[in-house]
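Here the structure is laid out as structure tokens; the discussion comes afterwards.
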Amino acid sequence: VFVQKLGDDWVVTLNDDGLPRLRVSNFYRRVLGETATGDAKRYVQEKMRAAAWLIKSIQQRQRTLYLVTQSIVRFQREFFEHGISQLKPLVLKDVAMDIGMHESTVSRATANKYVHTPQGTVELKFFFTSSLQREDGEDVSAESVKERIREIVAAEDPSHPLSDQHIAKVLASEHVGIARRTVAKYREMMGLLPSSKRRQAF
């Protein structure tokens, strides 16, 4: 899926390049109308119904993907405008309620699907992120906290890298109260080494 900004609006476009144009061959329609009788006619009718069902199912899946992505854009507009630091907590239920579908339908529609955005290409599942509560009561996305940890580590003095406890204190000063062990967990998930292994001697 592509999400692009046109004027003040964010536009969702499906990438149909990889999808074949499916249709039922006119040959079988002619066979059905002209020569098929009895068992042969029933057989051809059954196969044509199955083919029509398959084509309709693919179209429905594409429509669902489009609606889900539109909903994600509505919920995560700040991400599309400003990047990962503005990612908001979002669960499947939010999108399911927004578009009037079941959570399992939304889950299937987003599985192994990717969206190309001005912020890069990400998996649709990326937008469904748990929340942490800031000290001011506002919810913040776990992904945006991970990104902030990445920024803190990137800006540290390599000869005196920050411990997980120190990173937790920096986050606390920004009203994001998380435990040292949570910092360690997020750091490990991002593939960042502990401070003892990040230290560089000059």
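Letters A, B, ... mark the chains of the structure tokens in the order given; residue numbers begin at 1 per chain; ligand numbers begin at 1, in order shown.
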
Strand (DSSP E or B) residues, from DSSP on the backbone, in chain A, as a list in words: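 Output for chain A, strand (DSSP E or B) only: Phe2, Val3, Gln4, Lys5, Leu6, Asp9, Trp10, Val11, Val12, Thr13, Tyr114, Val115, His116, Thr117, Gly120, Thr121, Val122, Glu123, Ser131, Leu132, Gln133, Asp139, Val140 and Ser141 of chain A.
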
Enumerate, in order of chain and increasing residue number, the residues of region 56-85 of chain A with an atom no farther than 10 Å from region 95-114 of chain A, each with its shortest atom pair and distance in Å to one decimal, counting only C-alpha atoms, as JSON lines.
{"residue": "A:Arg61", "atom": "CA", "partner": "A:Ala109", "partner_atom": "CA", "distance": 7.1}
{"residue": "A:Gln62", "atom": "CA", "partner": "A:Ala109", "partner_atom": "CA", "distance": 8.5}
{"residue": "A:Arg63", "atom": "CA", "partner": "A:Ala109", "partner_atom": "CA", "distance": 9.7}
{"residue": "A:Thr64", "atom": "CA", "partner": "A:Ala109", "partner_atom": "CA", "distance": 6.7}
{"residue": "A:Leu65", "atom": "CA", "partner": "A:Ala109", "partner_atom": "CA", "distance": 5.6}
{"residue": "A:Tyr66", "atom": "CA", "partner": "A:Ala109", "partner_atom": "CA", "distance": 9.3}
{"residue": "A:Leu67", "atom": "CA", "partner": "A:Ile99", "partner_atom": "CA", "distance": 6.9}
{"residue": "A:Val68", "atom": "CA", "partner": "A:Val95", "partner_atom": "CA", "distance": 6.8}
{"residue": "A:Thr69", "atom": "CA", "partner": "A:Thr110", "partner_atom": "CA", "distance": 8.7}
{"residue": "A:Gln70", "atom": "CA", "partner": "A:Ile99", "partner_atom": "CA", "distance": 9.2}
{"residue": "A:Ser71", "atom": "CA", "partner": "A:Val95", "partner_atom": "CA", "distance": 6.1}
{"residue": "A:Ile72", "atom": "CA", "partner": "A:Val95", "partner_atom": "CA", "distance": 6.9}
{"residue": "A:Arg74", "atom": "CA", "partner": "A:Val95", "partner_atom": "CA", "distance": 9.6}
{"residue": "A:Phe75", "atom": "CA", "partner": "A:Val95", "partner_atom": "CA", "distance": 8.3}

File of the preceding selection, all heavy atoms, as a CSV table (one decimal), in the first residue's frame:
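Final file, selection.csv:
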chain,number,residue,atom,x,y,z
A,61,ARG,N,-10.8,-8.6,-0.2
A,61,ARG,CA,-9.6,-8.5,0.6
A,61,ARG,C,-8.9,-7.2,0.3
A,61,ARG,O,-8.4,-6.5,1.2
A,61,ARG,CB,-8.7,-9.7,0.3
A,61,ARG,CG,-7.4,-9.7,1.1
A,61,ARG,CD,-6.6,-10.9,0.9
A,61,ARG,NE,-7.3,-12.1,1.5
A,61,ARG,CZ,-6.7,-13.3,1.6
A,61,ARG,NH1,-5.5,-13.4,1.2
A,61,ARG,NH2,-7.3,-14.3,2.2
A,62,GLN,N,-8.9,-6.8,-1.0
A,62,GLN,CA,-8.2,-5.5,-1.4
A,62,GLN,C,-9.0,-4.4,-0.8
A,62,GLN,O,-8.4,-3.4,-0.3
A,62,GLN,CB,-8.2,-5.4,-2.9
A,62,GLN,CG,-7.2,-6.4,-3.6
A,62,GLN,CD,-5.7,-6.1,-3.1
A,62,GLN,OE1,-5.2,-6.7,-2.2
A,62,GLN,NE2,-5.1,-5.1,-3.8
A,63,ARG,N,-10.3,-4.4,-0.8
A,63,ARG,CA,-11.1,-3.4,-0.2
A,63,ARG,C,-10.9,-3.2,1.3
A,63,ARG,O,-10.8,-2.2,1.8
A,63,ARG,CB,-12.6,-3.6,-0.5
A,63,ARG,CG,-13.6,-2.6,0.1
A,63,ARG,CD,-15.0,-2.8,-0.3
A,63,ARG,NE,-15.9,-1.9,0.4
A,63,ARG,CZ,-16.4,-2.0,1.6
A,63,ARG,NH1,-16.0,-3.1,2.3
A,63,ARG,NH2,-17.1,-1.1,2.1
A,64,THR,N,-10.8,-4.4,2.0
A,64,THR,CA,-10.6,-4.4,3.4
A,64,THR,C,-9.2,-3.8,3.7
A,64,THR,O,-9.1,-3.0,4.6
A,64,THR,CB,-10.6,-5.8,4.0
A,64,THR,OG1,-11.9,-6.4,3.7
A,64,THR,CG2,-10.3,-5.9,5.4
A,65,LEU,N,-8.2,-4.2,2.9
A,65,LEU,CA,-6.8,-3.6,3.1
A,65,LEU,C,-6.9,-2.1,3.0
A,65,LEU,O,-6.2,-1.4,3.7
A,65,LEU,CB,-5.9,-4.2,2.1
A,65,LEU,CG,-4.4,-3.8,2.1
A,65,LEU,CD1,-3.8,-4.0,3.5
A,65,LEU,CD2,-3.6,-4.4,1.0
A,66,TYR,N,-7.6,-1.6,2.0
A,66,TYR,CA,-7.7,-0.2,1.7
A,66,TYR,C,-8.4,0.5,2.9
A,66,TYR,O,-7.9,1.5,3.4
A,66,TYR,CB,-8.5,0.1,0.4
A,66,TYR,CG,-8.8,1.5,0.1
A,66,TYR,CD1,-7.8,2.2,-0.5
A,66,TYR,CD2,-10.0,2.1,0.4
A,66,TYR,CE1,-7.9,3.6,-0.8
A,66,TYR,CE2,-10.2,3.5,0.1
A,66,TYR,CZ,-9.2,4.2,-0.6
A,66,TYR,OH,-9.4,5.5,-0.9
A,67,LEU,N,-9.5,0.0,3.4
A,67,LEU,CA,-10.2,0.6,4.5
A,67,LEU,C,-9.4,0.6,5.8
A,67,LEU,O,-9.4,1.5,6.6
A,67,LEU,CB,-11.5,-0.2,4.8
A,67,LEU,CG,-12.6,0.0,3.7
A,67,LEU,CD1,-13.8,-0.9,4.0
A,67,LEU,CD2,-13.1,1.4,3.6
A,68,VAL,N,-8.7,-0.5,6.1
A,68,VAL,CA,-7.8,-0.6,7.2
A,68,VAL,C,-6.7,0.4,7.2
A,68,VAL,O,-6.4,1.1,8.2
A,68,VAL,CB,-7.2,-2.1,7.4
A,68,VAL,CG1,-6.1,-2.1,8.4
A,68,VAL,CG2,-8.3,-3.1,7.8
A,69,THR,N,-6.1,0.6,6.0
A,69,THR,CA,-5.0,1.5,5.9
A,69,THR,C,-5.5,3.0,6.1
A,69,THR,O,-4.9,3.8,6.7
A,69,THR,CB,-4.3,1.4,4.5
A,69,THR,OG1,-3.9,0.0,4.4
A,69,THR,CG2,-3.1,2.3,4.5
A,70,GLN,N,-6.7,3.2,5.5
A,70,GLN,CA,-7.3,4.6,5.7
A,70,GLN,C,-7.5,4.9,7.2
A,70,GLN,O,-7.3,6.0,7.6
A,70,GLN,CB,-8.6,4.6,4.9
A,70,GLN,CG,-8.6,5.0,3.5
A,70,GLN,CD,-9.9,5.4,2.9
A,70,GLN,OE1,-10.9,4.8,3.3
A,70,GLN,NE2,-9.9,6.4,2.1
A,71,SER,N,-8.0,3.9,7.9
A,71,SER,CA,-8.2,4.0,9.3
A,71,SER,C,-6.9,4.3,10.1
A,71,SER,O,-6.9,5.2,10.9
A,71,SER,CB,-8.9,2.8,9.9
A,71,SER,OG,-9.2,2.9,11.3
A,72,ILE,N,-5.9,3.5,9.7
A,72,ILE,CA,-4.6,3.7,10.4
A,72,ILE,C,-4.1,5.1,10.1
A,72,ILE,O,-3.6,5.8,11.0
A,72,ILE,CB,-3.6,2.6,9.8
A,72,ILE,CG1,-3.9,1.3,10.4
A,72,ILE,CG2,-2.1,3.0,10.2
A,72,ILE,CD1,-3.1,0.1,9.8
A,74,ARG,N,-5.9,7.8,9.7
A,74,ARG,CA,-6.6,8.7,10.5
A,74,ARG,C,-6.1,8.7,12.0
A,74,ARG,O,-6.0,9.7,12.6
A,74,ARG,CB,-8.1,8.3,10.5
A,74,ARG,CG,-8.9,8.7,9.3
A,74,ARG,CD,-10.4,8.6,9.5
A,74,ARG,NE,-10.9,7.2,9.6
A,74,ARG,CZ,-11.2,6.5,8.6
A,74,ARG,NH1,-11.0,6.9,7.3
A,74,ARG,NH2,-11.6,5.2,8.8
A,75,PHE,N,-5.8,7.5,12.5
A,75,PHE,CA,-5.3,7.4,13.9
A,75,PHE,C,-3.9,7.8,14.0
A,75,PHE,O,-3.5,8.4,15.0
A,75,PHE,CB,-5.4,5.9,14.4
A,75,PHE,CG,-6.8,5.5,14.8
A,75,PHE,CD1,-7.5,4.5,14.0
A,75,PHE,CD2,-7.4,6.0,16.0
A,75,PHE,CE1,-8.8,4.1,14.4
A,75,PHE,CE2,-8.6,5.5,16.4
A,75,PHE,CZ,-9.3,4.6,15.6

Contacts of region 115-129 of chain A at 9 Å (only C-alpha atoms; same-chain gap of 2+ positions) as a list in words: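 Answer for this query is Val1, Phe2, Val3, Gln4, Lys5, Thr69, Ile72, Gln76, Phe79, Phe80, Glu81, His82, Gly83, Ile84, Leu87, Lys88, Pro89, Leu90, Val91, Leu92, Ser107, Thr110, Ala111, Asn112, Lys113, Ser131, Ser141, Ala142 and Glu143 of chain A.
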
Contacts of Arg148 (chain A) at 9 Å (only C-alpha atoms; same-chain gap of 4+ positions) as a PyMOL selection string: chain A and resi 85+143-144+152-153+171

May I have the residues from that selection written out with all heavy atoms, as a PDB file, in the first residue's frame?
ATOM      1  N   SER A  85       8.470   9.365  16.438  1.00  0.00           N
ATOM      2  CA  SER A  85       8.311   9.944  17.785  1.00  0.00           C
ATOM      3  C   SER A  85       6.853  10.309  18.060  1.00  0.00           C
ATOM      4  O   SER A  85       6.449  10.465  19.211  1.00  0.00           O
ATOM      5  CB  SER A  85       9.200  11.183  17.947  1.00  0.00           C
ATOM      6  OG  SER A  85       8.786  12.208  17.059  1.00  0.00           O
ATOM      7  N   GLU A 143       6.594   2.164  20.830  1.00  0.00           N
ATOM      8  CA  GLU A 143       7.540   2.340  19.717  1.00  0.00           C
ATOM      9  C   GLU A 143       8.209   3.709  19.765  1.00  0.00           C
ATOM     10  O   GLU A 143       9.389   3.841  19.457  1.00  0.00           O
ATOM     11  CB  GLU A 143       6.832   2.158  18.365  1.00  0.00           C
ATOM     12  CG  GLU A 143       6.473   0.727  18.035  1.00  0.00           C
ATOM     13  CD  GLU A 143       7.677  -0.192  17.914  1.00  0.00           C
ATOM     14  OE1 GLU A 143       8.746   0.273  17.476  1.00  0.00           O
ATOM     15  OE2 GLU A 143       7.548  -1.380  18.255  1.00  0.00           O
ATOM     16  N   SER A 144       7.453   4.736  20.159  1.00  0.00           N
ATOM     17  CA  SER A 144       8.059   6.073  20.234  1.00  0.00           C
ATOM     18  C   SER A 144       9.044   6.153  21.395  1.00  0.00           C
ATOM     19  O   SER A 144      10.059   6.853  21.317  1.00  0.00           O
ATOM     20  CB  SER A 144       6.988   7.167  20.345  1.00  0.00           C
ATOM     21  OG  SER A 144       6.264   7.049  21.537  1.00  0.00           O
ATOM     22  N   ILE A 152      18.742   8.746  22.466  1.00  0.00           N
ATOM     23  CA  ILE A 152      19.576   9.028  23.645  1.00  0.00           C
ATOM     24  C   ILE A 152      20.914   8.315  23.519  1.00  0.00           C
ATOM     25  O   ILE A 152      21.976   8.900  23.761  1.00  0.00           O
ATOM     26  CB  ILE A 152      18.840   8.605  24.946  1.00  0.00           C
ATOM     27  CG1 ILE A 152      17.628   9.516  25.192  1.00  0.00           C
ATOM     28  CG2 ILE A 152      19.790   8.643  26.143  1.00  0.00           C
ATOM     29  CD1 ILE A 152      16.679   9.006  26.270  1.00  0.00           C
ATOM     30  N   VAL A 153      20.881   7.045  23.105  1.00  0.00           N
ATOM     31  CA  VAL A 153      22.117   6.271  22.946  1.00  0.00           C
ATOM     32  C   VAL A 153      22.978   6.857  21.822  1.00  0.00           C
ATOM     33  O   VAL A 153      24.202   6.958  21.949  1.00  0.00           O
ATOM     34  CB  VAL A 153      21.803   4.777  22.687  1.00  0.00           C
ATOM     35  CG1 VAL A 153      23.051   4.021  22.265  1.00  0.00           C
ATOM     36  CG2 VAL A 153      21.192   4.134  23.938  1.00  0.00           C
ATOM     37  N   LEU A 171      14.455   9.691  30.573  1.00  0.00           N
ATOM     38  CA  LEU A 171      13.050   9.552  30.166  1.00  0.00           C
ATOM     39  C   LEU A 171      12.110  10.100  31.235  1.00  0.00           C
ATOM     40  O   LEU A 171      11.110  10.755  30.918  1.00  0.00           O
ATOM     41  CB  LEU A 171      12.726   8.078  29.877  1.00  0.00           C
ATOM     42  CG  LEU A 171      13.383   7.492  28.624  1.00  0.00           C
ATOM     43  CD1 LEU A 171      13.213   5.984  28.588  1.00  0.00           C
ATOM     44  CD2 LEU A 171      12.807   8.105  27.362  1.00  0.00           C
TER      45      LEU A 171
END

CA of Met189 (chain A) to CA of Asp94 (chain A), straight-line distance in Å: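 Computing the Euclidean distance for CA of Asp94 (chain A) and CA of Met189 (chain A) yields 25.6 Å.
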
Chain A: residues DSSP assigns to helix (DSSP H, G or I), reported as a PyMOL selection string: chain A and resi 26-34+38-75+77-82+84-86+92-99+103-110+124-127+142-155+164-173+180-189+195-198

Distance of CA of Ile55 (chain A) from CA of Tyr28 (chain A), expressed in Å to one decimal place: 15.9 Å

Distance criterion (only C-alpha atoms): nearest to Glu174 (chain A) out of A:Ile149, A:Asn15, A:Ser130, A:Met190: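 Of all the options, A:Ile149 lies closest to Glu174 (chain A).
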
CA of Val24 (chain A) to CA of Arg49 (chain A), straight-line distance in Å: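 Answer for the CA of Arg49 (chain A) to CA of Val24 (chain A) separation: 9.7 Å.
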
Best match for closeness to Ala50 (chain A) among A:Ser159, A:Arg23, A:His175, A:Asp8, counting only C-alpha atoms: A:Arg23
